[in-house]
Every structure is written in C-alpha cells, then in structure tokens.
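Containing compact mmCIF, C-alpha atoms: final.txt.
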```txt
# COMPACT_ATOMS: atom_id res chain seq x y z
CA VAL A 1 97.81 111.04 92.90
CA GLN A 2 100.46 109.68 95.24
CA LEU A 3 99.99 108.11 98.65
CA GLN A 4 102.80 108.39 101.19
CA ALA A 5 102.64 106.02 104.14
CA SER A 6 104.68 106.44 107.30
CA GLY A 7 104.83 105.41 110.94
CA GLY A 8 106.02 101.84 110.76
CA GLY A 9 108.77 100.48 112.92
CA LEU A 10 109.80 97.94 115.52
CA VAL A 11 107.58 97.57 118.57
CA GLN A 12 107.33 95.04 121.37
CA PRO A 13 104.28 92.81 121.75
CA GLY A 14 101.51 94.73 123.47
CA GLY A 15 102.82 98.03 122.19
CA SER A 16 101.26 100.63 119.90
CA LEU A 17 102.02 102.33 116.62
CA ARG A 18 100.19 104.92 114.55
CA LEU A 19 100.42 104.75 110.77
CA SER A 20 99.69 107.73 108.56
CA CYS A 21 99.00 107.98 104.85
CA ALA A 22 98.74 111.28 103.06
CA ALA A 23 97.55 111.80 99.50
CA SER A 24 99.15 114.38 97.26
CA GLY A 25 98.17 115.55 93.82
CA SER A 26 94.47 115.40 94.58
CA THR A 27 92.20 118.17 95.76
CA SER A 28 89.23 115.87 96.06
CA SER A 29 88.30 113.61 98.90
CA PHE A 30 88.27 109.87 98.51
CA TYR A 31 85.28 107.56 98.70
CA VAL A 32 87.25 104.83 100.46
CA MET A 33 90.59 104.93 102.23
CA GLY A 34 92.00 101.90 103.89
CA TRP A 35 94.87 99.79 105.05
CA TYR A 36 96.01 96.38 103.88
CA ARG A 37 98.96 94.31 104.97
CA GLN A 38 101.18 91.59 103.59
CA ALA A 39 103.23 89.31 105.78
CA PRO A 40 106.22 87.39 104.36
CA GLY A 41 105.05 84.47 102.27
CA LYS A 42 101.39 85.46 102.54
CA GLN A 43 98.86 87.24 100.37
CA ARG A 44 97.90 90.84 100.94
CA GLU A 45 94.91 91.09 103.26
CA LEU A 46 92.47 93.75 104.34
CA VAL A 47 93.02 95.43 107.70
CA ALA A 48 90.54 98.32 107.85
CA LEU A 49 88.48 100.61 105.63
CA SER A 50 87.04 104.08 106.07
CA ILE A 51 84.04 104.52 103.77
CA SER A 52 82.93 108.06 102.99
CA GLY A 53 84.71 109.12 106.15
CA ALA A 54 81.70 107.91 108.11
CA THR A 55 81.79 104.12 108.24
CA ALA A 56 84.67 101.98 109.45
CA LYS A 57 85.10 98.32 108.66
CA TYR A 58 87.67 96.04 110.29
CA ALA A 59 89.01 92.58 109.69
CA ASP A 60 88.12 90.25 112.54
CA TYR A 61 91.76 89.79 113.52
CA VAL A 62 92.20 93.49 114.35
CA LYS A 63 88.78 94.38 115.75
CA GLY A 64 89.01 96.03 119.12
CA ARG A 65 92.73 96.69 118.72
CA PHE A 66 93.04 98.90 115.62
CA THR A 67 91.22 102.14 114.82
CA ILE A 68 91.04 103.79 111.41
CA SER A 69 90.38 107.49 111.06
CA ARG A 70 90.65 110.27 108.50
CA GLY A 71 91.93 113.79 108.57
CA ASP A 72 89.56 116.72 108.17
CA ALA A 73 90.30 117.09 104.46
CA GLN A 74 89.49 113.41 103.90
CA THR A 75 92.78 112.95 102.03
CA THR A 76 94.73 111.51 104.95
CA VAL A 77 94.08 108.22 106.69
CA TYR A 78 95.46 106.96 109.98
CA LEU A 79 95.66 103.57 111.61
CA GLN A 80 96.06 103.46 115.36
CA MET A 81 97.33 100.02 116.29
CA ASN A 82 97.18 98.95 119.94
CA SER A 83 97.90 95.66 121.69
CA LEU A 84 100.14 94.61 118.82
CA LYS A 85 100.94 90.94 118.38
CA PRO A 86 103.82 89.25 116.57
CA GLU A 87 101.33 88.08 113.94
CA ASP A 88 100.65 91.72 113.07
CA THR A 89 104.15 91.89 111.59
CA ALA A 90 103.78 92.85 107.93
CA VAL A 91 104.23 95.56 105.38
CA TYR A 92 101.22 97.84 105.69
CA TYR A 93 99.88 99.51 102.54
CA CYS A 94 97.41 102.34 102.33
CA ASN A 95 94.82 102.40 99.59
CA ALA A 96 92.49 105.09 98.31
CA VAL A 97 89.58 104.89 95.92
CA THR A 98 88.05 107.99 94.39
CA TRP A 99 84.36 108.58 93.83
CA GLY A 100 85.14 107.83 90.18
CA ALA A 101 86.55 104.39 91.14
CA ASN A 102 90.21 105.21 90.51
CA ASP A 103 92.37 103.08 92.78
CA TYR A 104 95.69 104.15 94.30
CA TRP A 105 98.26 102.41 96.52
CA GLY A 106 100.99 103.72 98.78
CA GLN A 107 104.49 102.28 98.90
CA GLY A 108 104.09 100.36 102.16
CA THR A 109 105.55 100.76 105.62
CA LEU A 110 107.02 97.89 107.61
CA VAL A 111 105.65 97.03 111.03
CA THR A 112 107.64 94.53 113.07
CA VAL A 113 106.28 93.26 116.38
CA SER A 114 108.98 91.45 118.28
CA SER A 115 110.59 91.29 121.68
```
Give the structure from the file, written as structure tokens.
Amino acid sequence: VQLQASGGGLVQPGGSLRLSCAASGSTSSFYVMGWYRQAPGKQRELVALSISGATAKYADYVKGRFTISRGDAQTTVYLQMNSLKPEDTAVYYCNAVTWGANDYWGQGTLVTVSS
C-alpha cells in the first residue's frame, strides 16, 4: 500500500488549501485515515482523524478551521484548511490504518503560510 499526498504550497495568512491523500495497492477501506504535521525543529503532531469514515477528531489548534473528509471508496482522505496561520506551516503527512492494524504513511507535503 502506498499513500500519495498532494496539495501543499505557499499561502498567505487567512488563506485556504486543500490537501489530498490517495491510497494505491489496496482494494480495502481503511479503519482510520488522518493527517499529522511536523514543523521544523518540532515533533510530529496529530492534526485530524477520520475514524471508520463516520467520526472526525481534531486537534484543538485546528478545530473550527480544518475539516477532514474521505472519498466514497474510503481510500482517499482530504484536509480542507481554512483561516491558515503562520504557525500552521509544516510538512503534512497522511496516515492510514487498516482494520487489521497495519499502519501506512505518505511522503509528506509542505504547507507554508507566509505573507
């Protein structure tokens, strides 16, 4: 299974970006799909999770600004990011966990929020 993340880029504060992550090599849906991020000099941290495609969980620092969603086949995950702040600057990684607890990571996509 491979995860391919895309959609990062440079955006001004207050702007929006939409990240996408598509899984290949798997015909099964995933139990959990989510997004994490890692800023320079910091540890990787949770951003948002989609559990069973029905429940969304968000870190406090993105609540009300970011929205996670899945594609119909449950093998793609999106992150709509609104009202971006400079502190949202990081490499964003997608993650997927199968119903059998196999864990996969994408390669990361850089989001830079700067004027």
Skipping near chain neighbours, those fewer than 2 positions away, what residues fall within 8 Å of Trp99 (chain A) using only C-alpha atoms, listed as a VMD selection string? chain A and resid 30 to 31 97 101 to 102
Give me the residues of region 11-73 of chain A that have any atom at most 9 Å from an atom of region 81-86 of chain A; for each, the nearest atom pair and the distance in Å, rounded to one decimal. Use all atoms listed in the file, sort by chain and number, and format it as a Markdown table.
```
| residue | atom | partner | partner_atom | distance |
| --- | --- | --- | --- | --- |
| A:Val11 | CA | A:Leu84 | CA | 8.0 |
| A:Gln12 | CA | A:Leu84 | CA | 7.6 |
| A:Pro13 | CA | A:Lys85 | CA | 5.1 |
| A:Gly14 | CA | A:Ser83 | CA | 4.1 |
| A:Gly15 | CA | A:Ser83 | CA | 5.5 |
| A:Ser16 | CA | A:Asn82 | CA | 4.4 |
| A:Leu17 | CA | A:Met81 | CA | 5.2 |
| A:Arg18 | CA | A:Met81 | CA | 5.9 |
| A:Leu19 | CA | A:Met81 | CA | 7.9 |
| A:Val62 | CA | A:Met81 | CA | 8.5 |
| A:Gly64 | CA | A:Asn82 | CA | 8.7 |
| A:Arg65 | CA | A:Asn82 | CA | 5.1 |
| A:Phe66 | CA | A:Met81 | CA | 4.5 |
| A:Thr67 | CA | A:Met81 | CA | 6.6 |
| A:Ile68 | CA | A:Met81 | CA | 8.8 |
```
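CA of Asp72 (chain A) to CA of Ser29 (chain A) spans 9.9 Å [interatomic distance, one decimal].
Candidate residues A:Asn95, A:Thr89, A:Gly25, A:Gln4 were compared for distance to Lys42 (chain A), and the nearest is A:Thr89, using all atoms listed in the file.
The interatomic distance for the pair CA of Ser6 (chain A) and CA of Gly108 (chain A) works out to 8.0 Å.
With only C-alpha atoms as the basis for measurement, A:Met33 is the residue among A:Ala5, A:Ala56, A:Ala90, A:Met33 that approaches Asp103 (chain A) most closely.
Between CA of Gly41 (chain A) and CA of Asp60 (chain A) the separation is 20.6 Å.
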So that I can check the surroundings of Lys57 (chain A), please list as a PyMOL selection string every protein, DNA and RNA residue that reaches within 10 Å of it, counting all atoms listed in the file and ignoring chain neighbours fewer than 3 positions away. chain A and resi 34+46-51+60+63+67-68
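Of the listed residues A:Ala96, A:Val113, A:Ala73, A:Val91, the one whose atoms come nearest to Arg37 (chain A) is A:Val91, with distances taken using all atoms listed in the file.
Comparing the minimum interatomic distances between Glu87 (chain A) and each of A:Ala59, A:Leu110, A:Ala39, A:Ala23, counting all atoms listed in the file, we find that A:Ala39 sits nearest.
Here the question is which of A:Ser115, A:Tyr104, A:Tyr92, A:Arg70 gets nearest to Ser24 (chain A) using only C-alpha atoms, and that residue is A:Tyr104.
Considering only C-alpha atoms, the residue among A:Cys94, A:Gln2, A:Gly106, A:Glu45 positioned nearest to Val32 (chain A) is A:Cys94.
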